[in-house]
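The structure appears right after this line, and notes come after that.
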Amino acid sequence: MPISYTIDEAQSRVTLRYEGIITDRDLYAVYNGLYDDPGHRIGRDEVADCRAVDRIEVTRAGLQGLSAATALRLDTKRVPWRVAIVAPSDAVFGMARMYESFRSESPEQVQVFRDLPSAEAWLAQPSR
């Protein structure tokens with residue numbers, strides 16, 4: 001699977017690793033799996049590590065659909081959480097910024113970074 005995740009109970013964090021070619025279907029599959037995982041808890045910070053992505057085939061409609069699905073499943077709880085997206089390539093960075101804009105009015109606070117240390121530093125700060 002091009003996207004996998006681990007849940008770190010100690011850090012209260014989810015890390016998603018993206019690699020290879022990423023499609024809309026991949027996004028839906030991993031996030032449906034994560035949200036259905038009994039270990040998933042709303043409010044945990046997330047790191048979406050896209051450093052190993054070779055090609056992004058995610059569409060605008062796919063990102064809008066993911067945003068809408070996330071809103072239906074999680075936003076109604078009104079529990080804030082942060083997502084740090086690590087996107088060194090221009091194509092992935094642009095798609096991540098688009099997702100950030102779709103989620104701007106939600107409890108999900110999304111920030112896009114070019115490197116992992118910057119993402120980690122942001123998550124180390126107290127949340128809003």
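Letters A, B, ... go to the chains of the structure tokens in the order shown; residues in each chain start at 1; ligands are counted from 1 in the same order.
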| field | Long-range neighbours of Ser118 in chain A as a PyMOL selection string, 12 Å cut-off, only C-alpha atoms, 2 positions minimum in chain | value | chain A and resi 47+84-88+111-116+120-125
| field | Nearby residues (only C-alpha atoms) at most 10 Å from Gln109 in chain A, same-chain spacing under 2 positions excluded, as a ChimeraX atom specification | value | /A:45,80-84,100,103-107,111,127-128
| task | Find the residue from A:Tyr99, A:Asp8, A:Gly20, A:Phe93 that sits nearest to Arg55 in chain A; use only C-alpha atoms when measuring. | result |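 Closest candidate: A:Gly20.
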Could you list, as an mmCIF file with N, CA and C atoms, in the first residue's frame, every residue within 7 Å of Ala52 in chain A, counting only C-alpha atoms and ignoring same-chain residues fewer than 2 positions away?
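Final output, part35.cif:
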```cif
data_model
loop_
_atom_site.group_PDB
_atom_site.id
_atom_site.type_symbol
_atom_site.label_atom_id
_atom_site.label_comp_id
_atom_site.auth_asym_id
_atom_site.auth_seq_id
_atom_site.Cartn_x
_atom_site.Cartn_y
_atom_site.Cartn_z
ATOM 1 N N TYR A 18 3.886 8.210 3.107
ATOM 2 C CA TYR A 18 3.458 8.144 1.714
ATOM 3 C C TYR A 18 4.673 7.769 0.881
ATOM 4 N N GLU A 19 4.493 6.815 -0.059
ATOM 5 C CA GLU A 19 5.613 6.460 -0.936
ATOM 6 C C GLU A 19 5.110 5.983 -2.291
ATOM 7 N N GLY A 20 5.934 6.209 -3.293
ATOM 8 C CA GLY A 20 5.582 5.786 -4.638
ATOM 9 C C GLY A 20 4.590 6.720 -5.295
ATOM 10 N N CYS A 50 5.585 12.853 3.288
ATOM 11 C CA CYS A 50 5.498 12.629 1.841
ATOM 12 C C CYS A 50 6.868 12.672 1.162
ATOM 13 N N ASP A 54 6.926 9.462 -5.267
ATOM 14 C CA ASP A 54 7.527 9.580 -6.596
ATOM 15 C C ASP A 54 6.653 10.403 -7.538
#
```
| Nearest candidate to Tyr28 in chain A (options A:Ala69, A:Leu74, A:Val14, A:Ala61; using only C-alpha atoms) |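 Closest to Tyr28 in chain A, using only C-alpha atoms: A:Ala69.
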| query | From the list A:Leu72, A:Ile7, A:Met95, A:Leu66, which residue is nearest Arg44 in chain A when using only C-alpha atoms? | reply | A:Ile7
| remark: Min atom-atom distance to Thr70 in chain A from the set A:Pro2, A:Phe102, A:Ala119, A:Thr15, counting only C-alpha atoms, belongs to A:Phe102
| Among chain A, which residues carry a DSSP assignment of alpha helix (DSSP H), reported as a PyMOL selection string? | chain A and resi 24-36+60-73+90-102+116-124
Can I get the selected residues back with C-alpha atoms, as a CSV table (one decimal), in the first residue's frame?
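Result file out_34.csv:
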```csv
chain,number,residue,atom,x,y,z
A,24,ASP,CA,-7.3,9.6,-4.7
A,25,ARG,CA,-8.1,5.9,-4.0
A,26,ASP,CA,-5.0,5.6,-1.8
A,27,LEU,CA,-6.0,8.6,0.3
A,28,TYR,CA,-9.6,7.3,0.8
A,29,ALA,CA,-8.4,3.8,1.7
A,30,VAL,CA,-5.8,4.9,4.3
A,31,TYR,CA,-8.0,7.5,6.0
A,32,ASN,CA,-11.0,5.3,6.1
A,33,GLY,CA,-8.8,2.6,7.7
A,34,LEU,CA,-7.3,5.1,10.2
A,35,TYR,CA,-10.7,6.5,11.3
A,36,ASP,CA,-12.1,3.0,11.7
A,60,ARG,CA,-8.6,18.5,-6.7
A,61,ALA,CA,-11.9,16.6,-6.5
A,62,GLY,CA,-10.2,13.9,-4.6
A,63,LEU,CA,-8.9,16.3,-2.0
A,64,GLN,CA,-12.3,18.0,-1.7
A,65,GLY,CA,-13.9,14.6,-1.2
A,66,LEU,CA,-11.3,13.7,1.5
A,67,SER,CA,-12.0,17.1,3.2
A,68,ALA,CA,-15.7,16.5,3.1
A,69,ALA,CA,-15.4,13.0,4.4
A,70,THR,CA,-13.2,14.2,7.3
A,71,ALA,CA,-15.7,16.9,8.1
A,72,LEU,CA,-18.5,14.4,8.3
A,73,ARG,CA,-16.6,11.9,10.5
A,90,ASP,CA,6.7,21.2,-5.5
A,91,ALA,CA,3.8,19.0,-6.8
A,92,VAL,CA,3.1,17.4,-3.4
A,93,PHE,CA,3.6,20.8,-1.7
A,94,GLY,CA,1.0,22.4,-4.0
A,95,MET,CA,-1.6,19.6,-3.4
A,96,ALA,CA,-0.9,19.8,0.4
A,97,ARG,CA,-1.5,23.5,0.4
A,98,MET,CA,-4.8,23.0,-1.5
A,99,TYR,CA,-5.9,20.5,1.2
A,100,GLU,CA,-4.8,23.1,3.9
A,101,SER,CA,-7.1,25.6,2.3
A,102,PHE,CA,-10.1,23.2,2.2
A,116,LEU,CA,10.6,17.0,8.8
A,117,PRO,CA,12.5,19.0,11.4
A,118,SER,CA,10.3,22.1,10.7
A,119,ALA,CA,7.2,20.0,11.0
A,120,GLU,CA,8.4,18.4,14.3
A,121,ALA,CA,9.2,21.9,15.7
A,122,TRP,CA,5.7,23.1,14.9
A,123,LEU,CA,4.1,20.1,16.5
A,124,ALA,CA,6.3,20.6,19.6
```
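The two atoms in question, CA of Glu57 in chain A and CA of Tyr5 in chain A, are spaced 19.7 Å apart.
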| task | Point out the residue among A:Arg41, A:Thr76, A:Ser4, A:Thr23 with the least atom-to-atom distance to Ile56 in chain A, counting only C-alpha atoms. | result |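 The answer is A:Thr23, which sits nearest to Ile56 in chain A.
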| task | Quote the spacing between CA of Glu46 in chain A and CA of Arg13 in chain A in Å to one decimal place. | result |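 That distance, rounded to one decimal, is 5.6 Å.
Between Ile42 in chain A and the residues A:Val110, A:Thr6, A:Lys77, A:Met1, the shortest atom-to-atom distance, using only C-alpha atoms, involves A:Lys77.
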| In chain A, what's strand (DSSP E) per DSSP? Answer as a VMD selection string? | chain A and resid 3 to 8 13 to 23 45 to 57 81 to 86 108 to 113
| request: Could you check how far CA of Thr59 in chain A sits from CA of Val79 in chain A, in Å to one decimal? | output: 27.6 Å
